[in-house]
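J.: Take a look at final05.cif, mmCIF, C-alpha atoms:
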```
data_input
loop_
_atom_site.label_atom_id
_atom_site.label_comp_id
_atom_site.auth_asym_id
_atom_site.auth_seq_id
_atom_site.Cartn_x
_atom_site.Cartn_y
_atom_site.Cartn_z
CA MET P 29 -14.55 -91.85 50.24
CA GLY P 30 -17.43 -92.64 47.90
CA SER P 31 -19.10 -89.29 48.57
CA ILE P 32 -16.09 -87.20 47.45
CA PHE P 33 -15.69 -85.92 43.88
CA GLY P 34 -12.91 -83.88 42.24
CA LYS P 35 -9.20 -83.26 42.81
CA LEU P 36 -8.52 -79.52 43.25
CA PHE P 37 -12.13 -78.31 43.21
CA GLN P 38 -13.46 -81.03 45.48
CA ILE P 39 -16.93 -81.65 46.86
CA SER P 40 -18.31 -83.98 49.51
CA THR P 41 -22.09 -84.39 49.73
CA PHE P 42 -23.99 -85.49 52.83
CA GLY P 43 -27.53 -86.24 54.01
CA GLU P 44 -30.43 -88.55 53.24
CA SER P 45 -33.70 -88.18 51.39
CA HIS P 46 -35.87 -88.25 54.53
CA GLY P 47 -33.32 -87.08 57.09
CA ALA P 48 -32.90 -83.60 58.53
CA GLY P 49 -31.30 -82.19 55.42
CA ILE P 50 -29.02 -82.48 52.40
CA GLY P 51 -25.81 -80.59 51.81
CA VAL P 52 -22.31 -80.30 50.43
CA VAL P 53 -18.85 -79.23 51.52
CA ILE P 54 -16.72 -77.63 48.78
CA ASP P 55 -12.96 -77.55 49.28
CA GLY P 56 -10.46 -75.88 46.97
CA CYS P 57 -12.59 -72.98 45.74
CA PRO P 58 -10.31 -69.94 45.31
CA SER P 59 -10.86 -66.96 47.57
CA GLN P 60 -12.55 -63.68 46.67
CA LEU P 61 -15.03 -65.25 44.26
CA PRO P 62 -18.28 -63.24 44.57
CA ILE P 63 -21.18 -65.54 45.41
CA SER P 64 -24.58 -65.13 47.03
CA ALA P 65 -27.24 -67.45 48.38
CA GLU P 66 -29.57 -66.07 45.70
CA GLU P 67 -27.27 -67.28 42.90
CA ILE P 68 -27.13 -70.77 44.39
CA GLN P 69 -30.89 -70.71 44.98
CA CYS P 70 -31.52 -69.95 41.32
CA GLU P 71 -29.93 -73.27 40.34
CA LEU P 72 -31.66 -75.20 43.13
CA ASP P 73 -35.02 -73.85 42.01
CA ARG P 74 -34.45 -75.49 38.63
CA ARG P 75 -33.97 -78.89 40.32
CA ARG P 76 -36.46 -78.72 43.18
CA PRO P 77 -39.52 -81.03 43.32
CA GLY P 78 -43.09 -79.95 42.70
CA GLN P 79 -42.27 -77.69 39.74
CA SER P 80 -44.98 -79.03 37.44
CA ALA P 81 -47.40 -81.88 36.76
CA LEU P 82 -44.42 -83.81 35.37
CA SER P 83 -42.56 -84.10 38.67
CA THR P 84 -43.00 -85.52 42.14
CA PRO P 85 -45.65 -83.78 44.27
CA ARG P 86 -43.21 -83.59 47.20
CA LYS P 87 -43.17 -79.94 48.31
CA GLU P 88 -39.67 -78.81 49.17
CA GLY P 89 -38.59 -75.18 48.96
CA ASP P 90 -34.94 -76.33 48.90
CA ARG P 91 -33.80 -73.09 50.56
CA VAL P 92 -30.03 -73.00 50.77
CA GLU P 93 -28.10 -71.91 53.84
CA ILE P 94 -24.41 -70.93 53.58
CA LEU P 95 -22.82 -72.14 56.80
CA SER P 96 -19.15 -71.44 56.11
CA GLY P 97 -16.55 -70.36 53.56
CA VAL P 98 -18.28 -67.14 52.44
CA TYR P 99 -17.81 -63.77 54.12
CA GLN P 100 -19.36 -60.48 53.00
CA GLY P 101 -20.41 -62.02 49.69
CA GLN P 102 -17.04 -63.51 48.78
CA THR P 103 -15.46 -66.93 49.16
CA THR P 104 -12.70 -67.03 51.75
CA GLY P 105 -10.70 -69.93 50.28
CA THR P 106 -11.70 -72.18 53.18
CA PRO P 107 -14.26 -75.02 52.94
CA ILE P 108 -17.72 -73.87 51.90
CA THR P 109 -20.62 -75.66 53.59
CA LEU P 110 -24.09 -75.46 52.04
CA LEU P 111 -27.17 -76.94 53.71
CA VAL P 112 -30.72 -77.50 52.50
CA ARG P 113 -33.12 -78.67 55.22
CA ASN P 114 -35.80 -81.24 54.38
CA THR P 115 -39.23 -79.89 55.26
CA ASP P 116 -41.64 -82.34 53.60
CA HIS P 117 -40.04 -85.65 54.54
CA ARG P 118 -42.31 -88.57 55.37
CA PRO P 119 -40.18 -91.52 56.48
CA GLN P 120 -43.23 -93.44 57.73
CA ALA P 121 -44.29 -93.95 54.09
CA TYR P 122 -41.52 -96.56 53.82
CA ASP P 123 -42.42 -98.65 56.88
CA LYS P 124 -43.84 -101.47 54.74
CA LEU P 125 -40.68 -101.61 52.64
CA ARG P 126 -38.13 -101.99 55.43
CA ASP P 127 -37.60 -105.68 54.75
CA GLN P 128 -38.49 -105.76 51.07
CA PHE P 129 -36.20 -105.22 48.10
CA ARG P 130 -37.69 -102.87 45.53
CA PRO P 131 -36.87 -103.94 41.94
CA SER P 132 -34.05 -101.91 40.32
CA HIS P 133 -33.40 -99.94 43.52
CA ALA P 134 -30.27 -100.03 45.68
CA ASP P 135 -32.03 -101.77 48.59
CA PHE P 136 -30.35 -105.15 48.11
CA THR P 137 -26.95 -103.82 47.04
CA TYR P 138 -26.70 -101.51 50.08
CA ILE P 139 -27.37 -104.54 52.31
CA ALA P 140 -24.77 -106.52 50.34
CA LYS P 141 -22.20 -103.75 50.89
CA TYR P 142 -22.93 -102.47 54.39
CA GLY P 143 -25.07 -105.18 55.99
CA PHE P 144 -27.44 -102.38 56.99
CA ARG P 145 -29.42 -99.68 55.20
CA ASN P 146 -31.67 -96.67 55.63
CA PRO P 147 -34.95 -97.69 53.93
CA GLU P 148 -36.55 -94.23 54.14
CA GLY P 149 -36.71 -93.06 50.55
CA GLY P 150 -33.56 -94.95 49.69
CA GLY P 151 -31.34 -92.91 52.01
CA ARG P 152 -28.14 -91.91 50.20
CA ALA P 153 -29.25 -93.75 47.06
CA SER P 154 -32.10 -91.28 46.59
CA ALA P 155 -31.87 -88.72 43.79
CA ARG P 156 -32.48 -86.09 46.47
CA GLU P 157 -28.75 -86.36 47.20
CA THR P 158 -28.21 -84.35 43.99
CA VAL P 159 -29.31 -81.19 45.83
CA GLY P 160 -25.75 -80.87 47.11
CA ARG P 161 -24.30 -81.35 43.64
CA VAL P 162 -26.46 -78.64 42.12
CA ALA P 163 -25.59 -76.24 44.94
CA ALA P 164 -21.88 -76.91 44.41
CA GLY P 165 -22.35 -76.67 40.65
CA ALA P 166 -23.69 -73.14 41.05
CA ILE P 167 -20.37 -72.11 42.61
CA ALA P 168 -18.44 -74.04 39.94
CA LYS P 169 -20.35 -72.15 37.25
CA LYS P 170 -19.51 -68.85 38.93
CA LEU P 171 -15.83 -69.85 39.01
CA LEU P 172 -15.91 -70.80 35.33
CA ALA P 173 -17.50 -67.44 34.49
CA ALA P 174 -14.68 -65.66 36.35
CA LEU P 175 -11.82 -67.68 34.84
CA CYS P 176 -13.21 -68.44 31.39
CA PRO P 177 -16.31 -66.32 30.61
CA GLU P 178 -16.59 -67.79 27.10
CA ILE P 179 -17.90 -71.09 28.48
CA GLU P 180 -21.63 -71.65 27.87
CA PHE P 181 -23.91 -74.63 28.53
CA SER P 182 -26.77 -75.95 26.44
CA CYS P 183 -28.33 -78.93 28.20
CA TYR P 184 -31.76 -80.33 27.35
CA VAL P 185 -34.00 -83.38 27.17
CA GLU P 186 -33.44 -84.98 23.77
CA SER P 187 -35.74 -87.98 24.09
CA VAL P 188 -38.42 -89.46 26.33
CA ALA P 189 -39.23 -93.12 25.76
CA GLU P 190 -39.76 -93.51 21.99
CA ILE P 191 -40.20 -89.75 21.37
CA ALA P 192 -37.02 -87.99 20.25
CA MET P 193 -35.86 -84.71 18.76
CA PRO P 194 -34.51 -84.91 15.21
CA PRO P 195 -30.70 -84.65 14.91
CA CYS P 196 -29.80 -81.04 15.53
CA GLU P 197 -26.59 -78.97 15.57
CA THR P 198 -28.22 -75.91 17.19
CA PHE P 199 -26.76 -74.58 20.42
CA PHE P 200 -29.98 -73.70 22.25
CA PRO P 201 -29.86 -70.89 24.85
CA GLN P 202 -30.96 -71.77 28.36
CA SER P 203 -33.93 -69.39 28.17
CA GLU P 204 -35.34 -71.40 25.27
CA ILE P 205 -34.78 -74.70 27.08
CA GLU P 206 -36.38 -73.49 30.31
CA ARG P 207 -39.56 -72.18 28.74
CA VAL P 208 -41.34 -75.57 28.95
CA PRO P 209 -41.50 -77.94 31.96
CA VAL P 210 -40.02 -80.91 30.07
CA ARG P 211 -36.93 -78.82 29.15
CA CYS P 212 -36.95 -79.76 25.48
CA PRO P 213 -36.33 -76.83 23.09
CA HIS P 214 -38.30 -78.39 20.22
CA ALA P 215 -41.87 -77.15 20.82
CA GLU P 216 -43.71 -79.90 18.93
CA ILE P 217 -41.60 -82.72 20.39
CA ALA P 218 -41.81 -81.18 23.88
CA GLU P 219 -45.61 -81.34 23.76
CA LYS P 220 -45.49 -85.02 22.83
CA MET P 221 -42.97 -85.73 25.59
CA GLU P 222 -45.17 -84.11 28.21
CA ALA P 223 -48.17 -86.14 27.05
CA ARG P 224 -46.10 -89.34 27.17
CA ILE P 225 -44.94 -88.65 30.74
CA LYS P 226 -48.48 -87.86 31.88
CA THR P 227 -49.73 -91.09 30.31
CA ALA P 228 -47.07 -93.08 32.14
CA ARG P 229 -48.06 -91.45 35.44
CA ALA P 230 -51.75 -92.16 34.85
CA ASP P 231 -50.86 -95.82 34.18
CA GLY P 232 -48.86 -96.01 37.42
CA ASP P 233 -45.72 -96.43 35.35
CA SER P 234 -42.60 -94.46 34.38
CA VAL P 235 -40.42 -93.68 31.37
CA GLY P 236 -36.77 -92.93 30.69
CA GLY P 237 -34.90 -91.09 27.95
CA THR P 238 -31.77 -89.12 27.11
CA ILE P 239 -30.26 -85.74 27.88
CA ARG P 240 -27.94 -83.90 25.49
CA CYS P 241 -25.29 -81.56 26.88
CA LYS P 242 -23.25 -79.15 24.75
CA ILE P 243 -20.57 -76.87 26.16
CA ARG P 244 -18.87 -74.26 24.02
CA GLY P 245 -16.06 -71.86 24.79
CA VAL P 246 -13.99 -74.51 26.59
CA PRO P 247 -10.31 -73.72 25.98
CA ALA P 248 -8.01 -76.30 24.43
CA GLY P 249 -5.75 -78.15 26.85
CA LEU P 250 -8.09 -79.33 29.65
CA GLY P 251 -7.74 -82.96 30.64
CA GLU P 252 -5.07 -85.20 32.14
CA PRO P 253 -3.54 -88.15 30.35
CA VAL P 254 -3.79 -91.03 30.98
CA PHE P 255 -6.39 -91.89 33.62
CA ASP P 256 -7.96 -88.47 34.23
CA ARG P 257 -8.90 -87.89 30.61
CA LEU P 258 -11.51 -85.17 30.28
CA GLU P 259 -14.09 -87.48 28.72
CA ALA P 260 -13.38 -90.12 31.38
CA ASP P 261 -14.05 -87.64 34.17
CA LEU P 262 -17.18 -86.40 32.40
CA ALA P 263 -18.35 -89.99 32.03
CA LYS P 264 -17.81 -90.66 35.73
CA ALA P 265 -19.60 -87.41 36.62
CA MET P 266 -22.63 -88.37 34.53
CA LEU P 267 -22.78 -92.06 35.43
CA CYS P 268 -22.72 -91.29 39.16
CA ILE P 269 -26.02 -89.41 38.76
CA PRO P 270 -28.88 -91.67 39.94
CA ALA P 271 -30.78 -93.50 37.18
CA THR P 272 -28.06 -93.08 34.52
CA LYS P 273 -27.31 -96.08 32.33
CA GLY P 274 -25.21 -94.79 29.44
CA PHE P 275 -22.77 -92.10 28.28
CA GLU P 276 -21.42 -91.27 24.85
CA ILE P 277 -19.40 -88.33 23.58
CA GLY P 278 -19.07 -87.03 20.05
CA SER P 279 -20.00 -89.67 17.48
CA GLY P 280 -20.35 -92.21 20.29
CA PHE P 281 -21.53 -95.66 19.26
CA ALA P 282 -22.60 -94.38 15.83
CA GLY P 283 -18.94 -93.69 15.08
CA THR P 284 -18.20 -97.41 15.14
CA ARG P 285 -20.01 -97.72 11.82
CA LEU P 286 -17.65 -95.28 10.05
CA CYS P 287 -14.21 -95.79 8.53
CA GLY P 288 -11.30 -93.75 9.81
CA SER P 289 -11.33 -91.70 6.62
CA GLU P 290 -14.94 -90.76 7.35
CA HIS P 291 -14.59 -90.25 11.09
CA ASN P 292 -11.36 -88.22 11.40
CA ASP P 293 -11.72 -84.52 12.22
CA ALA P 294 -9.45 -82.61 9.79
CA PHE P 295 -7.59 -79.61 11.19
CA GLU P 296 -7.88 -76.17 9.61
CA MET P 297 -7.18 -72.52 10.37
CA ARG P 298 -10.35 -70.58 11.17
CA GLU P 299 -10.51 -67.05 12.54
CA GLY P 300 -6.82 -67.18 13.39
CA LYS P 301 -7.07 -70.39 15.43
CA ILE P 302 -6.39 -74.06 14.79
CA ARG P 303 -9.82 -75.69 14.59
CA THR P 304 -11.37 -78.90 13.28
CA ALA P 305 -13.60 -78.96 10.22
CA THR P 306 -15.92 -81.51 11.86
CA ASN P 307 -16.46 -82.46 15.51
CA ARG P 308 -16.97 -86.20 15.66
CA SER P 309 -14.52 -86.23 18.59
CA GLY P 310 -17.02 -84.25 20.65
CA GLY P 311 -14.46 -81.62 21.62
CA VAL P 312 -11.97 -84.04 23.20
CA GLN P 313 -8.96 -85.74 21.61
CA GLY P 314 -6.42 -87.82 23.51
CA GLY P 315 -8.38 -87.08 26.67
CA ILE P 316 -7.74 -83.33 26.29
CA SER P 317 -10.12 -80.60 25.11
CA ASN P 318 -9.33 -79.30 21.61
CA GLY P 319 -11.31 -76.05 21.77
CA GLU P 320 -14.32 -77.36 19.89
CA GLU P 321 -17.79 -77.74 21.36
CA ILE P 322 -17.96 -80.53 23.92
CA ASN P 323 -20.98 -82.64 23.02
CA PHE P 324 -22.21 -85.67 24.95
CA ARG P 325 -25.39 -87.60 25.69
CA ILE P 326 -26.57 -89.46 28.80
CA ALA P 327 -29.16 -92.24 29.05
CA PHE P 328 -31.55 -92.34 32.01
CA LYS P 329 -33.60 -95.40 32.89
CA PRO P 330 -37.31 -95.24 33.81
CA THR P 331 -37.91 -94.31 37.45
CA PRO P 332 -37.91 -97.67 39.31
CA THR P 333 -40.61 -96.68 41.81
CA ILE P 334 -43.95 -97.31 40.11
CA ALA P 335 -47.53 -97.81 41.28
CA LYS P 336 -47.76 -101.33 39.91
CA LYS P 337 -47.30 -104.64 41.67
CA GLN P 338 -43.84 -106.09 41.09
CA ALA P 339 -42.43 -109.46 42.07
CA SER P 340 -39.56 -109.41 44.57
CA VAL P 341 -38.25 -111.03 47.74
CA ASP P 342 -37.80 -109.81 51.28
CA ALA P 343 -34.62 -109.86 53.38
CA SER P 344 -35.15 -113.54 54.22
CA GLY P 345 -35.53 -114.45 50.55
CA THR P 346 -39.27 -115.05 50.79
CA PRO P 347 -41.16 -114.07 47.59
CA CYS P 348 -43.36 -111.00 47.93
CA GLU P 349 -45.10 -108.34 45.89
CA VAL P 350 -43.92 -104.75 46.06
CA ILE P 351 -45.90 -101.61 45.22
CA GLY P 352 -44.05 -98.30 45.08
CA HIS P 353 -44.58 -95.93 47.99
CA GLY P 354 -43.59 -92.31 48.37
CA ARG P 355 -43.70 -89.45 45.87
CA HIS P 356 -41.61 -89.90 42.75
CA ASP P 357 -41.18 -88.44 39.28
CA PRO P 358 -42.74 -90.53 36.49
CA CYS P 359 -39.73 -89.37 34.44
CA VAL P 360 -36.53 -88.02 36.00
CA LEU P 361 -35.23 -86.24 32.91
CA PRO P 362 -36.71 -82.72 33.23
CA ARG P 363 -35.26 -82.27 36.74
CA ALA P 364 -32.03 -84.06 35.81
CA VAL P 365 -31.02 -81.32 33.35
CA PRO P 366 -29.61 -78.95 36.03
CA VAL P 367 -27.89 -81.93 37.68
CA VAL P 368 -26.11 -82.79 34.43
CA GLU P 369 -25.07 -79.14 34.04
CA ALA P 370 -23.81 -79.01 37.62
CA MET P 371 -21.70 -82.15 37.28
CA ALA P 372 -20.22 -80.94 33.98
CA ALA P 373 -19.38 -77.58 35.59
CA LEU P 374 -17.67 -79.35 38.50
CA VAL P 375 -15.49 -81.35 36.11
CA LEU P 376 -14.54 -78.29 34.06
CA ALA P 377 -13.82 -76.16 37.12
CA ASP P 378 -11.57 -78.87 38.53
CA HIS P 379 -9.67 -79.34 35.27
CA LEU P 380 -9.36 -75.60 34.66
CA LEU P 381 -7.70 -75.16 38.07
CA ARG P 382 -5.45 -78.14 37.40
CA GLN P 383 -4.40 -76.70 34.03
CA ARG P 384 -3.60 -73.29 35.55
CA ALA P 385 -1.44 -75.05 38.17
CA GLN P 386 0.52 -76.96 35.49
CA ARG P 387 1.54 -74.19 33.09
CA VAL P 388 3.76 -71.24 33.88
CA PHE P 389 3.08 -69.67 30.48
#
```
Mind converting the file's structure to structure tokens?
T.:
Amino acid sequence: MGSIFGKLFQISTFGESHGAGIGVVIDGCPSQLPISAEEIQCELDRRRPGQSALSTPRKEGDRVEILSGVYQGQTTGTPITLLVRNTDHRPQAYDKLRDQFRPSHADFTYIAKYGFRNPEGGGRASARETVGRVAAGAIAKKLLAALCPEIEFSCYVESVAEIAMPPCETFFPQSEIERVPVRCPHAEIAEKMEARIKTARADGDSVGGTIRCKIRGVPAGLGEPVFDRLEADLAKAMLCIPATKGFEIGSGFAGTRLCGSEHNDAFEMREGKIRTATNRSGGVQGGISNGEEINFRIAFKPTPTIAKKQASVDASGTPCEVIGHGRHDPCVLPRAVPVVEAMAALVLADHLLRQRAQRVF
């Protein structure tokens, strides 16, 4: 059950990093939604490896195949199966690591859970699993565009290591975000981020950072009290992305330093609608969207596979030294941006369908 996400718009991903392929089954997508392989491919191209000097050199075209659920360019309402075949997999690169536990990887915890693991690239624990999420997210975005065309995403790298954008309220268009490989819309900061990532790679090391995601045009009323609160589902969606270590929405942890009189978002009438004068809630109140811009941030740790010797133990508990093998990003953030967007779209698509099922008027 751990590979299933969503309630009404539900996905189940499958495949391993160095297996035959990666894919996803989508259940609950309404029928007659126009969709093409080209539209899905456009999103996968944003995530695929080998895009620039900042990413892994693994060469995967990530060409999507639609195996079921789409007929003559429209969804049929039945399960949609999408497959991306691995073409540049090299499982033999992990032969030396079969009995060693790589620091900060899932090697030990998979053994603790299953008593057995696939050591080739981390198997299901590999970030390559997110191919299926991005493919499903492309269809979720298309559904959102059909049901609520006002919804827009602005998702970008806000910080890399110690280098960060200044606080900013701007809703950056995707074209501006995509113009540089690091996917940071601040030109000067983006240049420094790229240099920092390249330095880490040259040192055989890695760096982490944060991604900011803003979504506007979300109608008020999405979210389920008490346990399926919108921000709770967004948090789960983000924290199940590999390498994530933190999530905050609206004022987040900074809000703890304010008094209630400073933090509360006052209501007002604006352009004929009930709005809030400020948005410290991040677009969600009581677990339900209030019509304001949804604004959250995710923390990503440094890539754990590095080209430096690290102390560890093997399966028998014997001390050993581990050096990273395989081809990995020195910083996951630039390629994580479309993954964050995809997961946010999946949450919104699911909650939008749930809301439409709950209200007659």
J.: Counting all atoms listed in the file, which residues come within 12 Å of (-26.9, -94.3, 25.4), with the point read in the file's coordinates, and could you list them as a list in words?
T.: Glu186, Ser187, Gly236, Gly237, Thr238, Ile239, Arg240, Ala263, Met266, Leu267, Thr272, Lys273, Gly274, Phe275, Glu276, Ile277, Gly278, Ser279, Gly280, Phe281, Ala282, Phe324, Arg325, Ile326, Ala327, Phe328 and Lys329 of chain P
J.: Could you save the residues just selected, with C-alpha atoms, as a PDB file, keeping the file's coordinate frame?
T.:
```
ATOM      1  CA  GLU P 186     -33.440 -84.980  23.770  1.00  0.00           C
ATOM      2  CA  SER P 187     -35.740 -87.980  24.090  1.00  0.00           C
ATOM      3  CA  GLY P 236     -36.770 -92.930  30.690  1.00  0.00           C
ATOM      4  CA  GLY P 237     -34.900 -91.090  27.950  1.00  0.00           C
ATOM      5  CA  THR P 238     -31.770 -89.120  27.110  1.00  0.00           C
ATOM      6  CA  ILE P 239     -30.260 -85.740  27.880  1.00  0.00           C
ATOM      7  CA  ARG P 240     -27.940 -83.900  25.490  1.00  0.00           C
ATOM      8  CA  ALA P 263     -18.350 -89.990  32.030  1.00  0.00           C
ATOM      9  CA  MET P 266     -22.630 -88.370  34.530  1.00  0.00           C
ATOM     10  CA  LEU P 267     -22.780 -92.060  35.430  1.00  0.00           C
ATOM     11  CA  THR P 272     -28.060 -93.080  34.520  1.00  0.00           C
ATOM     12  CA  LYS P 273     -27.310 -96.080  32.330  1.00  0.00           C
ATOM     13  CA  GLY P 274     -25.210 -94.790  29.440  1.00  0.00           C
ATOM     14  CA  PHE P 275     -22.770 -92.100  28.280  1.00  0.00           C
ATOM     15  CA  GLU P 276     -21.420 -91.270  24.850  1.00  0.00           C
ATOM     16  CA  ILE P 277     -19.400 -88.330  23.580  1.00  0.00           C
ATOM     17  CA  GLY P 278     -19.070 -87.030  20.050  1.00  0.00           C
ATOM     18  CA  SER P 279     -20.000 -89.670  17.480  1.00  0.00           C
ATOM     19  CA  GLY P 280     -20.350 -92.210  20.290  1.00  0.00           C
ATOM     20  CA  PHE P 281     -21.530 -95.660  19.260  1.00  0.00           C
ATOM     21  CA  ALA P 282     -22.600 -94.380  15.830  1.00  0.00           C
ATOM     22  CA  PHE P 324     -22.210 -85.670  24.950  1.00  0.00           C
ATOM     23  CA  ARG P 325     -25.390 -87.600  25.690  1.00  0.00           C
ATOM     24  CA  ILE P 326     -26.570 -89.460  28.800  1.00  0.00           C
ATOM     25  CA  ALA P 327     -29.160 -92.240  29.050  1.00  0.00           C
ATOM     26  CA  PHE P 328     -31.550 -92.340  32.010  1.00  0.00           C
ATOM     27  CA  LYS P 329     -33.600 -95.400  32.890  1.00  0.00           C
TER      28      LYS P 329
END
```
J.: Could the centre and edge lengths of an axis-aligned box, enclosing all atoms of stretch 48-60 of chain P in the file with 5 Å extra on each side, be given in Å to one decimal as AutoDock Vina command-line options?
T.:
```
--center_x -21.6 --center_y -73.6 --center_z 51.9 --size_x 32.6 --size_y 29.9 --size_z 23.2
```
J.: For this file, the PyMOL selection byres ((chain P and resi 366) around 8) selects which residues, as a PyMOL selection string?
T.: chain P and resi 71+74-75+162+183+363-365+367-370
J.: Neighbours of P:Lys124 within 12 Å (all atoms listed in the file; same-chain residues fewer than 6 positions away dropped), as a list of chain:residue names?
T.: P:Arg130, P:Pro147, P:Glu148, P:Gly149, P:Asp342, P:Cys348, P:Glu349, P:Val350, P:Ile351, P:Gly352, P:His353, P:Gly354
J.: Quick one: everything within 10 Å of P:Glu222, counting all atoms listed in the file, minus sequence neighbours fewer than 3 positions away in the same chain. Send it as an mmCIF file with C-alpha atoms, in the coordinates of the input.
T.:
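Resulting contents of around-v4.cif:
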```
data_model
loop_
_atom_site.group_PDB
_atom_site.id
_atom_site.type_symbol
_atom_site.label_atom_id
_atom_site.label_comp_id
_atom_site.auth_asym_id
_atom_site.auth_seq_id
_atom_site.Cartn_x
_atom_site.Cartn_y
_atom_site.Cartn_z
ATOM 1 C CA ALA P 81 -47.400 -81.880 36.760
ATOM 2 C CA LEU P 82 -44.420 -83.810 35.370
ATOM 3 C CA VAL P 188 -38.420 -89.460 26.330
ATOM 4 C CA VAL P 208 -41.340 -75.570 28.950
ATOM 5 C CA PRO P 209 -41.500 -77.940 31.960
ATOM 6 C CA VAL P 210 -40.020 -80.910 30.070
ATOM 7 C CA ARG P 211 -36.930 -78.820 29.150
ATOM 8 C CA CYS P 212 -36.950 -79.760 25.480
ATOM 9 C CA ILE P 217 -41.600 -82.720 20.390
ATOM 10 C CA ALA P 218 -41.810 -81.180 23.880
ATOM 11 C CA GLU P 219 -45.610 -81.340 23.760
ATOM 12 C CA ILE P 225 -44.940 -88.650 30.740
ATOM 13 C CA LYS P 226 -48.480 -87.860 31.880
ATOM 14 C CA THR P 227 -49.730 -91.090 30.310
ATOM 15 C CA ALA P 228 -47.070 -93.080 32.140
ATOM 16 C CA CYS P 359 -39.730 -89.370 34.440
ATOM 17 C CA PRO P 362 -36.710 -82.720 33.230
#
```
J.: Please return, as a ChimeraX atom specification, all polymer residues that have at least one atom within 10 Å of the point (-22.6, -67.7, 24.9); use all atoms listed in the file and the file's own coordinate frame.
T.: /P:177-182,199-202,243-245
J.: Pick out the closest residue to P:Pro194 from this set: P:Pro213, P:Gly97, P:Ala163, P:Phe295. Count only C-alpha atoms.
T.: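 The closest residue to P:Pro194 is P:Pro213.
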J.: Give me the result of the PyMOL selection byres ((chain P and resi 99-109) around 8) on this file, residue by residue, as a list in words.
T.: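 Taken over the shown coordinates, the PyMOL selection byres ((chain P and resi 99-109) around 8) returns Gly51, Val52, Val53, Ile54, Asp55, Gly56, Cys57, Pro58, Ser59, Gln60, Leu61, Pro62, Ile63, Ser64, Ile94, Leu95, Ser96, Gly97, Val98, Leu110 and Leu111 of chain P.
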J.: My list of candidates is P:Leu376, P:Leu36, P:Ala166, P:Cys70. Which is closest to P:Gly251 when distances are computed with all atoms listed in the file?
T.: P:Leu376
J.: Using only C-alpha atoms, which of P:Pro253, P:Gly345, P:Pro247, P:Gly150 sits nearest P:Arg303?
T.: P:Pro247
J.: I need the residue nearest P:Thr198 from this list: P:Thr304, P:Ser40, P:Asn323, P:Gln79. Use all atoms listed in the file for the distance.
T.: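 Of the candidates, the smallest distance to P:Thr198 is held by P:Asn323.
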J.: To one decimal place, how far is atom CA of P:Ser132 from atom CA of P:His46 in Å?
T.: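 Distance reported for this atom pair: 19.8 Å.
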J.: Apply the PyMOL selection byres ((chain P and resi 76) around 10) to the structure shown and report the selected residues as an NGL selection string.
T.: :P and (69 or 71-75 or 77-79 or 83-84 or 86-91 or 156 or 159 or 363 or 366)
J.: Taking only C-alpha atoms into account, which of P:Lys170, P:Lys141, P:Arg298, P:His133 comes nearest P:Pro330?
T.: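 Closest residue, counting only C-alpha atoms: P:His133.
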J.: Would you work out the distance separating atom CA of P:Asp293 from atom CA of P:Ser309, expressed in Å to one decimal?
T.: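 Between atom CA of P:Asp293 and atom CA of P:Ser309 the gap works out to 7.2 Å.
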J.: Between atom CA of P:Asn307 and atom CA of P:Ala373, what distance in Å does the model show, to one decimal?
T.: 20.9 Å
J.: Using all atoms listed in the file, pick whichever of P:Pro85, P:Pro270, P:Gly49, P:Gly319 has the shortest atom-to-atom distance to P:Leu361.
T.: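 Of P:Pro85, P:Pro270, P:Gly49, P:Gly319, the one nearest P:Leu361, counting all atoms listed in the file, is P:Pro270.
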J.: Quick one: residues within 9 Å of P:Ala248, all atoms listed in the file, excluding same-chain residues fewer than 4 positions away - as a PyMOL selection string?
T.: chain P and resi 311-312+316-320
